[in-house]
Amino acid sequence: MSTTSSGIRFDSVTVAYDGNVVLDALDLTVGPGEVMALLGPSGSGKTTALRAVAGFVRPASGRVFLGDRDVTALPPHRRGIGMVVQQYALFPHMRVEDNVAFGLKARKAAKAEIRTRVSEALEMTGMGAYARRHPRELSGGQQQRVAIARALAVRPDVLLLDEPLSALDAQLRSGMLAELARLHRELPDVSILYVTHDQVEALTLADRIAVMDKARLQACGTPRELYRAPANAFTASFVGNANLLPVTVGAGGVSFGEAEIKVDTGGAAAGASATLCVRPHLVGLGDGPNRITGTVREIQWRGATHRLYVDVAGHQVMADVRELREPPVLGEAVTVHFAADDAVLLPAGVGRD
């Protein structure tokens with residue numbers, strides 16, 4: 001693979017249907033060999049962005065580049081990409097090996113080359129022993145592996161994955177996540193654009209995550225960056241669970257109800273409204289720094305932890321604490337706390353609306 005043909009770049013790409021903008025001026029670069037997850041709710045524009053790369057939709061404005069090639073006007077079959085969709089799209093009348101060979105035959109590859117590439121792709125996805133079977137003879141996870149093998153057989157520089165695990169149950173999804181991570185290690189030059197609404201998939205697989213909402217890019221960064229220091233309340237709420245507390249900036253911290261909380265205000269003006277982001281697993285039960293007192297409204301046992309939902313001045317605070325031998329009871333007054341370094345001050349606003 002040539003380095004000039006790898007990587008993806010959106011240059012102010014806008015897509016509209018009947019005047020309705022579904023992707024708004026997207027600027028985003030996926031580096032050679034990088035896994036970029038497009039994460040967001042339904043209707044956020046993430047699948048439209050992927051379809052613009054594939055060539056299935058034409059931008060109203062802006063350009064799409066694969067490496068140094070402007071492919072905005074190229075048809076899908078000339079873009080040199082591999083693509084895996086939600087429902088696999090296998091041909092039911094074809095055996096596994098013929099499904100995997102389909103793209104190569106469409107490109108008029110030599111028969112010997114087709115045999116070699118099909119064999120390689122099936123072995124890479126652990127499906128070598130199933131070459132002669134039909135899709136109906138396979139499980140959902142096995143069909144997904146065949147779909148991935150078909151995409152890899154053409155040796156693409158760019159691999160597009162559109163919610164590839166959404167049709168699988170939880171156990172199969174976990175196994176396929178591990179397989180996709182392994183495939184990425186074995187294909188270090190392939191750029192991968194991975195569309196998902198599942199934060200676990202994005203956090204597990206992606207080198208970077210682009211968070212989408214309402215047709216626009218909200219934030220982009222490494223999973224650790226977005227989790228620990230989200231740029232805004234929406235990103236905080238969509239990349240992991242978060243307590244988003246409306247606060248007022250003071251001289252040495254913020255006020256939340258009657259509680260005074262020490263936190264880095266980042267130079268925000270005193271008296272300004274802001275949102276304090278604290279992850280539930282960083283909230284402890286009992287005495288400690290930045291204490292907040294409230295009333296237990298709900299308790300969920302989650303095996304290794306209890307999640308407490310505490311009402312504080314009409315706002316809900318979540319605390320994930322190690323499994324308690326004697327958890328508090330509903331209606332009980334409790335104190336929770338968190339360290340100043342574990343809180344991030346965001347612009348005023350709530351998460352999803």
# chains A, B, ... in the order shown; residues from 1 in each chain; ligands from 1
>>> closest_atom_pairs(of="region 124-243 of chain A", to="region 67-87 of chain A", cutoff="7 Å", atoms="only C-alpha atoms", output="CSV")
residue,atom,partner,partner_atom,distance
A:Ala147,CA,A:Val84,CA,6.1
A:Ile148,CA,A:Val84,CA,6.1
A:Ala151,CA,A:Gly82,CA,4.4
A:Leu152,CA,A:Gly82,CA,6.4
A:Pro156,CA,A:Ile81,CA,5.0
A:Asp157,CA,A:Ile81,CA,6.4
A:Val158,CA,A:Ile81,CA,5.1
A:Leu159,CA,A:Gly82,CA,4.7
A:Leu160,CA,A:Met83,CA,4.6
A:Leu161,CA,A:Val84,CA,4.9
A:Asp162,CA,A:Val85,CA,4.8
A:Glu163,CA,A:Gln86,CA,5.3
A:Pro164,CA,A:Gln86,CA,4.7
A:Leu165,CA,A:Gln86,CA,6.8
A:Ser166,CA,A:Gln86,CA,6.4
A:Ala167,CA,A:Gln86,CA,6.7
>>> residues_around(residues="Asp169 (chain A)", least_positions_apart="6", cutoff="12 Å", atoms="only C-alpha atoms", output="PyMOL selection string")
chain A and resi 139-141+175-176
>>> select_by_dssp(residues="region 158-347 of chain A", states="helix (DSSP H, G or I)", output="PyMOL selection string")
chain A and resi 170-186+199-205+223-228+233-238+280-282+340-342
>>> closest_residue(among="A:Val22, A:Phe91, A:Asp341, A:Cys220", to="Asp264 (chain A)", atoms="only C-alpha atoms")
A:Asp341
>>> residues_around(residues="Cys277 (chain A)", least_positions_apart="5", cutoff="9 Å", atoms="only C-alpha atoms", output="VMD selection string")
chain A and resid 229 to 230 233 236 242 to 245 342 to 346
>>> write_last_selection(atoms="N, CA and C atoms", output="short mmCIF file (atom, residue, chain, number, x, y, z; two decimals), in the first residue's frame")
data_model
loop_
_atom_site.label_atom_id
_atom_site.label_comp_id
_atom_site.auth_asym_id
_atom_site.auth_seq_id
_atom_site.Cartn_x
_atom_site.Cartn_y
_atom_site.Cartn_z
N ALA A 229 -10.88 15.01 30.14
CA ALA A 229 -11.01 16.46 29.98
C ALA A 229 -11.90 16.78 28.79
N PRO A 230 -13.20 16.45 28.89
CA PRO A 230 -14.11 16.72 27.77
C PRO A 230 -14.21 18.21 27.48
N ALA A 233 -20.22 19.80 27.67
CA ALA A 233 -21.11 18.92 28.43
C ALA A 233 -21.62 17.76 27.60
N ALA A 236 -18.96 15.14 27.45
CA ALA A 236 -18.84 14.50 28.76
C ALA A 236 -19.93 13.47 28.98
N ALA A 242 -21.40 10.73 33.35
CA ALA A 242 -20.86 11.93 34.00
C ALA A 242 -21.91 12.60 34.85
N ASN A 243 -21.47 13.12 36.00
CA ASN A 243 -22.27 14.07 36.76
C ASN A 243 -22.00 15.45 36.17
N LEU A 244 -23.04 16.14 35.75
CA LEU A 244 -22.92 17.48 35.18
C LEU A 244 -23.72 18.42 36.08
N LEU A 245 -23.00 19.16 36.89
CA LEU A 245 -23.62 19.95 37.95
C LEU A 245 -23.55 21.43 37.62
N ASP A 342 -10.19 15.65 40.25
CA ASP A 342 -11.07 14.73 39.53
C ASP A 342 -12.28 15.43 38.92
N ALA A 343 -12.35 16.74 39.04
CA ALA A 343 -13.46 17.51 38.49
C ALA A 343 -12.95 18.42 37.38
N VAL A 344 -13.78 18.61 36.36
CA VAL A 344 -13.43 19.47 35.22
C VAL A 344 -14.53 20.52 35.06
N LEU A 345 -14.13 21.76 34.94
CA LEU A 345 -15.11 22.84 34.75
C LEU A 345 -15.34 23.05 33.26
N LEU A 346 -16.61 23.01 32.87
CA LEU A 346 -17.02 23.15 31.47
C LEU A 346 -17.86 24.39 31.29
#
